[in-house]
Structure formats: C-alpha cells, structure tokens
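Text of query.cif (mmCIF, C-alpha atoms) as supplied:
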data_model
loop_
_atom_site.label_atom_id
_atom_site.label_comp_id
_atom_site.auth_asym_id
_atom_site.auth_seq_id
_atom_site.Cartn_x
_atom_site.Cartn_y
_atom_site.Cartn_z
CA MET J 1 -133.11 -67.81 87.56
CA SER J 2 -129.29 -67.84 87.68
CA ASN J 3 -127.33 -71.03 88.02
CA ARG J 4 -126.04 -69.89 91.43
CA TYR J 5 -129.55 -69.58 92.88
CA VAL J 6 -130.69 -72.86 91.36
CA LEU J 7 -127.79 -74.64 93.05
CA GLN J 8 -128.57 -72.91 96.34
CA LEU J 9 -132.16 -74.14 96.16
CA ARG J 10 -130.92 -77.65 95.51
CA ARG J 11 -128.58 -77.38 98.49
CA VAL J 12 -131.48 -76.35 100.73
CA ALA J 13 -133.70 -79.13 99.36
CA ARG J 14 -130.97 -81.69 99.91
CA ALA J 15 -130.39 -80.52 103.48
CA ALA J 16 -134.10 -80.80 104.22
CA GLY J 17 -134.35 -84.34 102.92
CA VAL J 18 -133.86 -87.71 104.58
CA PRO J 19 -130.22 -88.13 105.58
CA ARG J 20 -128.40 -90.25 103.06
CA MET J 21 -127.11 -92.66 105.68
CA LEU J 22 -130.71 -93.59 106.50
CA GLY J 23 -131.85 -93.99 102.92
CA ARG J 24 -128.87 -95.07 100.88
CA PHE J 25 -130.09 -98.52 99.90
CA THR J 26 -133.77 -97.85 99.40
CA ARG J 27 -135.00 -97.63 95.83
CA ASP J 28 -137.55 -94.98 96.85
CA TYR J 29 -134.79 -92.49 97.68
CA GLU J 30 -133.15 -92.66 94.27
CA SER J 31 -135.99 -93.95 92.11
CA PRO J 32 -135.91 -91.10 89.51
CA PHE J 33 -132.13 -91.46 89.30
CA SER J 34 -132.38 -95.25 89.04
CA LYS J 35 -135.00 -95.00 86.33
CA GLN J 36 -132.82 -92.69 84.25
CA LEU J 37 -129.88 -95.05 84.68
CA MET J 38 -131.95 -97.99 83.50
CA LEU J 39 -133.33 -96.11 80.50
CA ALA J 40 -129.85 -94.96 79.49
CA CYS J 41 -128.33 -98.45 79.41
CA ARG J 42 -128.32 -100.44 76.18
CA GLN J 43 -127.41 -104.01 75.42
CA GLY J 44 -123.67 -104.20 74.84
CA ASP J 45 -122.80 -100.98 76.69
CA VAL J 46 -119.69 -100.52 78.79
CA VAL J 47 -120.67 -98.93 82.12
CA TRP J 48 -118.41 -97.54 84.83
CA ASP J 49 -119.80 -97.74 88.37
CA VAL J 50 -117.47 -95.28 90.13
CA GLY J 51 -117.91 -95.69 93.85
CA ALA J 52 -119.57 -99.09 93.55
CA ASN J 53 -119.64 -99.55 97.34
CA VAL J 54 -121.39 -102.89 98.00
CA GLY J 55 -122.85 -103.26 94.50
CA LEU J 56 -126.37 -101.86 94.68
CA TYR J 57 -126.12 -100.53 91.13
CA THR J 58 -123.38 -102.81 89.83
CA ALA J 59 -125.62 -105.87 89.64
CA SER J 60 -128.40 -103.87 88.01
CA PHE J 61 -126.01 -102.46 85.42
CA ALA J 62 -124.86 -105.99 84.61
CA ASP J 63 -128.44 -107.03 83.93
CA TRP J 64 -129.29 -103.92 81.94
CA VAL J 65 -126.32 -104.15 79.54
CA GLY J 66 -126.72 -107.90 79.08
CA PRO J 67 -124.09 -110.56 78.38
CA SER J 68 -122.62 -108.56 75.49
CA GLY J 69 -122.01 -105.57 77.75
CA LYS J 70 -119.52 -104.99 80.53
CA VAL J 71 -119.52 -103.24 83.90
CA PHE J 72 -116.39 -101.94 85.60
CA ALA J 73 -116.99 -101.47 89.33
CA PHE J 74 -114.51 -99.14 91.05
CA GLU J 75 -114.30 -99.56 94.82
CA PRO J 76 -111.17 -98.68 96.85
CA ASP J 77 -112.57 -99.73 100.23
CA ALA J 78 -111.26 -103.24 100.84
CA MET J 79 -113.91 -103.85 103.50
CA ASN J 80 -116.66 -103.43 100.91
CA LEU J 81 -115.15 -105.75 98.31
CA PRO J 82 -116.57 -109.05 99.70
CA ARG J 83 -120.10 -107.67 99.63
CA LEU J 84 -119.53 -106.15 96.21
CA ARG J 85 -118.36 -109.51 94.84
CA SER J 86 -121.33 -111.23 96.46
CA ALA J 87 -123.77 -108.72 94.97
CA CYS J 88 -122.39 -109.32 91.50
CA GLY J 89 -123.36 -112.97 91.79
CA GLU J 90 -120.36 -114.07 89.73
CA ARG J 91 -121.79 -112.28 86.72
CA PRO J 92 -119.24 -112.74 83.92
CA ASN J 93 -119.83 -109.24 82.56
CA VAL J 94 -118.69 -107.50 85.78
CA GLU J 95 -115.05 -106.63 86.45
CA ILE J 96 -114.17 -105.19 89.85
CA ARG J 97 -111.36 -102.67 90.08
CA PRO J 98 -110.14 -102.28 93.69
CA PHE J 99 -109.05 -98.67 93.33
CA GLY J 100 -110.71 -95.28 93.16
CA LEU J 101 -110.70 -92.51 90.57
CA SER J 102 -109.43 -88.98 91.07
CA ASP J 103 -107.76 -86.03 89.32
CA ARG J 104 -104.33 -87.59 89.62
CA THR J 105 -102.79 -91.02 89.97
CA GLU J 106 -101.51 -91.36 93.53
CA HIS J 107 -102.15 -92.89 96.93
CA ARG J 108 -104.47 -90.96 99.27
CA THR J 109 -105.83 -91.29 102.77
CA PHE J 110 -109.25 -92.90 102.78
CA LEU J 111 -111.84 -93.35 105.50
CA GLY J 112 -113.85 -96.51 105.00
CA ASP J 113 -117.22 -97.42 106.46
CA GLY J 114 -116.14 -100.73 107.94
CA GLY J 115 -117.92 -102.68 105.24
CA ASP J 116 -121.42 -101.65 106.32
CA GLY J 117 -122.22 -100.08 102.95
CA THR J 118 -123.02 -96.59 104.21
CA THR J 119 -120.36 -94.00 103.40
CA SER J 120 -116.65 -94.03 102.67
CA ARG J 121 -114.60 -91.21 101.25
CA VAL J 122 -111.24 -89.78 100.28
CA LEU J 123 -109.97 -87.36 102.92
CA GLN J 124 -109.09 -83.86 101.77
CA PRO J 125 -105.61 -82.33 102.21
CA GLY J 126 -105.30 -80.81 105.67
CA GLU J 127 -108.23 -82.76 107.06
CA SER J 128 -107.60 -84.54 110.37
CA VAL J 129 -107.00 -88.24 109.93
CA PRO J 130 -109.34 -90.30 112.13
CA LYS J 131 -108.57 -93.72 113.49
CA GLY J 132 -109.14 -96.43 110.93
CA ALA J 133 -108.18 -94.36 107.88
CA VAL J 134 -106.03 -96.20 105.33
CA GLU J 135 -104.04 -95.47 102.19
CA VAL J 136 -105.73 -96.41 98.91
CA GLU J 137 -104.77 -96.36 95.26
CA LEU J 138 -106.37 -93.67 93.09
CA LEU J 139 -106.01 -93.32 89.34
CA THR J 140 -107.31 -90.83 86.85
CA GLY J 141 -109.90 -92.44 84.63
CA ASP J 142 -107.84 -91.47 81.60
CA ASP J 143 -104.76 -93.21 83.03
CA ALA J 144 -106.83 -96.32 83.75
CA ILE J 145 -107.96 -96.40 80.11
CA GLN J 146 -104.50 -95.75 78.70
CA GLY J 147 -103.00 -98.39 80.98
CA GLY J 148 -105.45 -101.01 79.74
CA ARG J 149 -107.08 -101.51 83.14
CA VAL J 150 -110.54 -100.56 81.86
CA GLU J 151 -112.34 -99.93 78.58
CA LEU J 152 -113.70 -96.62 77.35
CA PRO J 153 -117.24 -96.29 78.73
CA ASP J 154 -120.59 -95.53 77.16
CA ILE J 155 -122.03 -94.55 80.55
CA ILE J 156 -120.44 -93.40 83.82
CA LYS J 157 -122.11 -93.28 87.23
CA VAL J 158 -120.25 -91.35 89.95
CA ASP J 159 -121.09 -91.62 93.65
CA VAL J 160 -117.96 -90.79 95.65
CA GLU J 161 -119.04 -88.83 98.74
CA GLY J 162 -117.74 -85.38 97.82
CA HIS J 163 -114.89 -86.43 95.52
CA GLU J 164 -116.96 -86.12 92.34
CA LEU J 165 -115.24 -83.04 90.86
CA SER J 166 -111.82 -84.70 91.21
CA VAL J 167 -113.13 -87.79 89.41
CA LEU J 168 -114.39 -85.67 86.50
CA LYS J 169 -111.12 -83.72 86.30
CA GLY J 170 -109.29 -87.00 85.76
CA LEU J 171 -111.63 -87.93 82.90
CA GLN J 172 -111.02 -85.11 80.44
CA GLY J 173 -110.09 -87.46 77.61
CA ALA J 174 -113.03 -89.77 78.22
CA LEU J 175 -115.47 -86.88 78.59
CA ALA J 176 -114.39 -85.53 75.20
CA ASN J 177 -114.89 -88.88 73.49
CA LYS J 178 -118.18 -89.02 71.59
CA ARG J 179 -118.67 -92.65 72.60
CA LEU J 180 -119.49 -91.53 76.15
CA ARG J 181 -123.23 -90.80 75.99
CA ASN J 182 -124.22 -90.22 79.61
CA VAL J 183 -122.70 -89.23 82.93
CA PHE J 184 -124.65 -89.55 86.18
CA VAL J 185 -123.31 -87.78 89.25
CA GLU J 186 -124.52 -87.71 92.83
CA VAL J 187 -123.61 -84.32 94.30
CA HIS J 188 -122.97 -84.47 98.04
CA PHE J 189 -123.85 -80.91 99.04
CA GLY J 190 -123.47 -81.50 102.78
CA ILE J 191 -119.95 -82.92 102.54
CA LEU J 192 -118.91 -80.20 100.10
CA ASP J 193 -120.29 -77.42 102.28
CA ARG J 194 -118.62 -78.75 105.43
CA SER J 195 -115.25 -79.03 103.71
CA GLY J 196 -115.31 -75.53 102.23
CA ARG J 197 -116.06 -76.64 98.66
CA ALA J 198 -119.49 -75.12 98.20
CA ASP J 199 -118.56 -74.06 94.64
CA ASP J 200 -117.98 -77.65 93.53
CA PRO J 201 -121.56 -78.25 92.27
CA LYS J 202 -121.24 -75.28 89.91
CA ARG J 203 -117.81 -76.48 88.78
CA ILE J 204 -119.17 -79.99 88.18
CA GLU J 205 -121.88 -78.52 85.95
CA GLU J 206 -119.34 -76.40 84.08
CA THR J 207 -117.00 -79.35 83.54
CA LEU J 208 -119.75 -81.45 82.00
CA LYS J 209 -121.11 -78.62 79.86
CA ARG J 210 -117.64 -77.85 78.46
CA SER J 211 -117.45 -81.47 77.36
CA GLY J 212 -120.64 -81.08 75.33
CA PHE J 213 -123.24 -82.53 77.69
CA LYS J 214 -126.72 -81.20 78.32
CA LEU J 215 -127.60 -81.31 82.02
CA SER J 216 -130.71 -81.96 84.04
CA TRP J 217 -131.28 -82.83 87.70
CA THR J 218 -133.36 -85.93 88.45
CA ASP J 219 -133.81 -84.64 92.03
CA ALA J 220 -132.04 -82.34 94.48
CA SER J 221 -128.86 -84.44 94.54
CA HIS J 222 -128.41 -86.16 91.16
CA ILE J 223 -127.18 -84.80 87.83
CA PHE J 224 -128.07 -86.52 84.56
CA ALA J 225 -125.72 -85.43 81.75
CA ALA J 226 -126.57 -86.49 78.20
CA ARG J 227 -124.62 -85.88 75.02
CA PRO J 228 -126.96 -84.51 72.35
CA ALA J 229 -127.44 -86.86 69.41
#
Same coordinates, now as structure tokens:
Amino acid sequence: MSNRYVLQLRRVARAAGVPRMLGRFTRDYESPFSKQLMLACRQGDVVWDVGANVGLYTASFADWVGPSGKVFAFEPDAMNLPRLRSACGERPNVEIRPFGLSDRTEHRTFLGDGGDGTTSRVLQPGESVPKGAVEVELLTGDDAIQGGRVELPDIIKVDVEGHELSVLKGLQGALANKRLRNVFVEVHFGILDRSGRADDPKRIEETLKRSGFKLSWTDASHIFAARPA
C-alpha cells in the first residue's frame, strides 16, 4: 500500500478517535507512545521535550534518564510555566526553556490555552488572530544548540499542535548528528487538515527518512523514528 493511502487511513482513524482535548492527560490514550518513550530513554541521556505544556512527560523523562541525564523542556506559553515547574518537582536534571522551536528564529503570534493544559499553538500566517493571542519567542533547534541554550539531544519528543514540520525543519543539523537516536512526533491531522496542510504528515515522514531514521507508527497519531544501529 502506498504511503499516501497509509497516511489517509491514519487520518481517518485519528478523526474517529476520542478528541484529544478529552484525552490529553490520560495514560490510556498514549500508552503505546509512552511505552516507546520509556524504552528509548537511557540513564545519562539528554532529552528534549518540545511542547512540554504542563509537564506530563517532562517529569517522567527526568526519572527515566536519571540524575546523570538532563531534560530540556520547551514551553512558550507563559500561562503553562507555573504548572510545568510544579510538575518537575524541582528536579535538578530538568531545565525549562520558555520559548518554542520552529523553522526560523523569530517572534510569532501564539494562542495559549489559559494554563489549563489542553492545547496551545503557533498561529499560521494569514490566520485570524483571536482575542488573547500573544507574541512568543521561537528559535530553530539548531540555533538554540549553537547559542549554548541547550545541549545536543539523544532523544526528541515533539508535540506542538500542528507546528511539527516547522520544528523538524529547524533541526536539520541535529537530525543529521548520529548522537540523536530517536525522534517521537505527535501528528495533529485535524489541525493540519483544517489549515490546508494535509501534506505535512508525508513531509514529516520524508524529513525524518532523509536524516537516516527508520519510521513506525505507535498508533494513528504518533511517529516513532529510530536511527538504525
């Protein structure tokens, strides 16, 4: 079956599932994805939690990589930062970065979720700006590394409500580095379809494959990319 039809089946399966806003913080919804994340982490790893939100995964990453590891939690929504800091429990191996990642370093309009831990996202060019939207700082991951704001990762998790392709575009240097073993991406088919970016899932797959990763889907929404040994 062609890649195009496989992605279409995943889009249908995702649309038929429980809405993400209702299931975001339940382990049942993402249990295969969570299990793969846990199995991928090693003691001493550097993990990037891109789109950390209120820290559901950040705290787990900190435990999985142990005191010799480090977790960088990227969260541009200022309303979510208090809950993110609270979730981290003052773990010394977690460093919060109050900015987002993208395909260029700039400031963009961002719609937060008011700190309720549901959804927040970067608005697309030309999209109407609703009340409550703010300007946030976005960096490419490569610029963040080169500027000394983060360390090169062993594992990256991306959950950015439709902005995932832009994040990967800004990580070309990191994706090419053999140290990076795994990339986990949540693909938000609904947001992408509504904003006219239905081809993004295919482009996400192509970007990761060009960087030498082998891909699998843990469910209808989550990509697990592993660099062959």
Top pick for closest residue to Glu135 of chain J, considering J:His107, J:Arg194, J:His188, J:Arg149 and counting only C-alpha atoms: J:His107
Protein, DNA and RNA residues within 7 Å of (-120.2, -104.7, 77.5), all atoms listed in the file, as an NGL selection string: :J and (44-46 or 65 or 68-71 or 93)
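Near (-119.9, -81.8, 73.9), the residues inside the 8 Å limit, counting only C-alpha atoms, come to Ala176, Lys178, Lys209, Arg210, Ser211, Gly212, Phe213, Arg227 and Pro228 of chain J.
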How far is it from atom CA of Arg104 of chain J to atom CA of Gly147 of chain J, in Å with one decimal? 13.9 Å
I'd like to see the residues matched by the PyMOL selection byres ((chain J and resi 150) around 10) on this file, and ideally I'd get them as a compact mmCIF listing (two decimals) with C-alpha atoms, keeping the file's coordinate frame.
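That gives us part25.txt:
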# COMPACT_ATOMS: atom_id res chain seq x y z
CA VAL J 46 -119.69 -100.52 78.79
CA TRP J 48 -118.41 -97.54 84.83
CA VAL J 71 -119.52 -103.24 83.90
CA PHE J 72 -116.39 -101.94 85.60
CA ALA J 73 -116.99 -101.47 89.33
CA GLU J 95 -115.05 -106.63 86.45
CA ILE J 96 -114.17 -105.19 89.85
CA ARG J 97 -111.36 -102.67 90.08
CA GLY J 141 -109.90 -92.44 84.63
CA ASP J 142 -107.84 -91.47 81.60
CA ASP J 143 -104.76 -93.21 83.03
CA ALA J 144 -106.83 -96.32 83.75
CA ILE J 145 -107.96 -96.40 80.11
CA GLN J 146 -104.50 -95.75 78.70
CA GLY J 147 -103.00 -98.39 80.98
CA GLY J 148 -105.45 -101.01 79.74
CA ARG J 149 -107.08 -101.51 83.14
CA GLU J 151 -112.34 -99.93 78.58
CA LEU J 152 -113.70 -96.62 77.35
CA PRO J 153 -117.24 -96.29 78.73
Nearby residues (all atoms listed in the file) at most 12 Å from Lys157 of chain J, same-chain spacing under 3 positions excluded, as a PDB file with C-alpha atoms, in the frame of the given file:
ATOM      1  CA  PHE J  33    -132.130 -91.460  89.300  1.00  0.00           C
ATOM      2  CA  SER J  34    -132.380 -95.250  89.040  1.00  0.00           C
ATOM      3  CA  GLN J  36    -132.820 -92.690  84.250  1.00  0.00           C
ATOM      4  CA  LEU J  37    -129.880 -95.050  84.680  1.00  0.00           C
ATOM      5  CA  MET J  38    -131.950 -97.990  83.500  1.00  0.00           C
ATOM      6  CA  ALA J  40    -129.850 -94.960  79.490  1.00  0.00           C
ATOM      7  CA  CYS J  41    -128.330 -98.450  79.410  1.00  0.00           C
ATOM      8  CA  VAL J  46    -119.690-100.520  78.790  1.00  0.00           C
ATOM      9  CA  VAL J  47    -120.670 -98.930  82.120  1.00  0.00           C
ATOM     10  CA  TRP J  48    -118.410 -97.540  84.830  1.00  0.00           C
ATOM     11  CA  ASP J  49    -119.800 -97.740  88.370  1.00  0.00           C
ATOM     12  CA  VAL J  50    -117.470 -95.280  90.130  1.00  0.00           C
ATOM     13  CA  GLY J  51    -117.910 -95.690  93.850  1.00  0.00           C
ATOM     14  CA  ALA J  52    -119.570 -99.090  93.550  1.00  0.00           C
ATOM     15  CA  TYR J  57    -126.120-100.530  91.130  1.00  0.00           C
ATOM     16  CA  THR J  58    -123.380-102.810  89.830  1.00  0.00           C
ATOM     17  CA  PHE J  61    -126.010-102.460  85.420  1.00  0.00           C
ATOM     18  CA  VAL J  71    -119.520-103.240  83.900  1.00  0.00           C
ATOM     19  CA  PHE J  72    -116.390-101.940  85.600  1.00  0.00           C
ATOM     20  CA  ALA J  73    -116.990-101.470  89.330  1.00  0.00           C
ATOM     21  CA  PHE J  74    -114.510 -99.140  91.050  1.00  0.00           C
ATOM     22  CA  LEU J 101    -110.700 -92.510  90.570  1.00  0.00           C
ATOM     23  CA  PRO J 153    -117.240 -96.290  78.730  1.00  0.00           C
ATOM     24  CA  ASP J 154    -120.590 -95.530  77.160  1.00  0.00           C
ATOM     25  CA  VAL J 160    -117.960 -90.790  95.650  1.00  0.00           C
ATOM     26  CA  GLU J 164    -116.960 -86.120  92.340  1.00  0.00           C
ATOM     27  CA  VAL J 167    -113.130 -87.790  89.410  1.00  0.00           C
ATOM     28  CA  LEU J 168    -114.390 -85.670  86.500  1.00  0.00           C
ATOM     29  CA  LEU J 180    -119.490 -91.530  76.150  1.00  0.00           C
ATOM     30  CA  ARG J 181    -123.230 -90.800  75.990  1.00  0.00           C
ATOM     31  CA  ASN J 182    -124.220 -90.220  79.610  1.00  0.00           C
ATOM     32  CA  VAL J 183    -122.700 -89.230  82.930  1.00  0.00           C
ATOM     33  CA  PHE J 184    -124.650 -89.550  86.180  1.00  0.00           C
ATOM     34  CA  VAL J 185    -123.310 -87.780  89.250  1.00  0.00           C
ATOM     35  CA  GLU J 186    -124.520 -87.710  92.830  1.00  0.00           C
ATOM     36  CA  VAL J 187    -123.610 -84.320  94.300  1.00  0.00           C
ATOM     37  CA  HIS J 222    -128.410 -86.160  91.160  1.00  0.00           C
ATOM     38  CA  ILE J 223    -127.180 -84.800  87.830  1.00  0.00           C
ATOM     39  CA  PHE J 224    -128.070 -86.520  84.560  1.00  0.00           C
ATOM     40  CA  ALA J 225    -125.720 -85.430  81.750  1.00  0.00           C
TER      41      ALA J 225
END
For the atom pair atom CA of Trp217 of chain J and atom CA of Ile191 of chain J, what is the interatomic distance in Å to one decimal place? 18.7 Å
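Nearest residue to Ser60 of chain J among J:Ala87, J:Ile204, J:Leu165, J:Ile155 is J:Ala87, counting only C-alpha atoms.
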Closest to Gly55 of chain J among J:Asn177, J:Thr140, J:Ser195, J:Asn80, using all atoms listed in the file? J:Asn80
Counting only C-alpha atoms, the residue of J:Gly100, J:Pro92, J:Gly173, J:Pro32 that sits nearest Ala78 of chain J: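 With only C-alpha atoms as the atom set, the closest residue is J:Gly100.
Nearest to Ser166 of chain J of all the residues J:Asp219, J:Asp63, J:Asp103, J:Glu90 is J:Asp103, counting all atoms listed in the file.
You can rank J:Gln172, J:Asp193, J:Leu56, J:Asp77 by their closest distance to Leu138 of chain J using only C-alpha atoms, and at the top of that list sits J:Asp77.
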Figure out the distance between atom CA of Phe99 of chain J and atom CA of Val136 of chain J, please, to one decimal in Å. 6.9 Å
Axis-aligned box over every listed atom of segment 171-190 of chain J, padded by 3 Å per side: centre and edges in Å to one decimal, as lines of an AutoDock Vina configuration file?
center_x = -117.4
center_y = -86.8
center_z = 87.2
size_x = 20.6
size_y = 17.7
size_z = 37.2
Selected by the PyMOL selection byres ((chain J and resi 201) around 10) in the shown coordinates: which residues, as a list in words?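 Expected selection for the PyMOL selection byres ((chain J and resi 201) around 10) here is Arg4, Leu7, Gln8, Arg10, Arg11, Gly162, Glu164, Leu165, Glu186, Val187, His188, Phe189, Leu192, Arg197, Ala198, Asp199, Asp200, Lys202, Arg203, Ile204, Glu205, Glu206, Thr207, Ser221 and Ile223 of chain J.
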Dump of C-alpha atoms for the selected residues, as a PDB file, in the coordinates of the input:
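After the write, part10.pdb holds the following:
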ATOM      1  CA  ARG J   4    -126.040 -69.890  91.430  1.00  0.00           C
ATOM      2  CA  LEU J   7    -127.790 -74.640  93.050  1.00  0.00           C
ATOM      3  CA  GLN J   8    -128.570 -72.910  96.340  1.00  0.00           C
ATOM      4  CA  ARG J  10    -130.920 -77.650  95.510  1.00  0.00           C
ATOM      5  CA  ARG J  11    -128.580 -77.380  98.490  1.00  0.00           C
ATOM      6  CA  GLY J 162    -117.740 -85.380  97.820  1.00  0.00           C
ATOM      7  CA  GLU J 164    -116.960 -86.120  92.340  1.00  0.00           C
ATOM      8  CA  LEU J 165    -115.240 -83.040  90.860  1.00  0.00           C
ATOM      9  CA  GLU J 186    -124.520 -87.710  92.830  1.00  0.00           C
ATOM     10  CA  VAL J 187    -123.610 -84.320  94.300  1.00  0.00           C
ATOM     11  CA  HIS J 188    -122.970 -84.470  98.040  1.00  0.00           C
ATOM     12  CA  PHE J 189    -123.850 -80.910  99.040  1.00  0.00           C
ATOM     13  CA  LEU J 192    -118.910 -80.200 100.100  1.00  0.00           C
ATOM     14  CA  ARG J 197    -116.060 -76.640  98.660  1.00  0.00           C
ATOM     15  CA  ALA J 198    -119.490 -75.120  98.200  1.00  0.00           C
ATOM     16  CA  ASP J 199    -118.560 -74.060  94.640  1.00  0.00           C
ATOM     17  CA  ASP J 200    -117.980 -77.650  93.530  1.00  0.00           C
ATOM     18  CA  LYS J 202    -121.240 -75.280  89.910  1.00  0.00           C
ATOM     19  CA  ARG J 203    -117.810 -76.480  88.780  1.00  0.00           C
ATOM     20  CA  ILE J 204    -119.170 -79.990  88.180  1.00  0.00           C
ATOM     21  CA  GLU J 205    -121.880 -78.520  85.950  1.00  0.00           C
ATOM     22  CA  GLU J 206    -119.340 -76.400  84.080  1.00  0.00           C
ATOM     23  CA  THR J 207    -117.000 -79.350  83.540  1.00  0.00           C
ATOM     24  CA  SER J 221    -128.860 -84.440  94.540  1.00  0.00           C
ATOM     25  CA  ILE J 223    -127.180 -84.800  87.830  1.00  0.00           C
TER      26      ILE J 223
END
Expected selection from the PyMOL selection byres ((chain J and resi 83) around 9), given as a list in words: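 Residues picked by the PyMOL selection byres ((chain J and resi 83) around 9): Asn53, Val54, Gly55, Met79, Asn80, Leu81, Pro82, Leu84, Arg85, Ser86, Ala87, Cys88, Gly115 and Gly117 of chain J.
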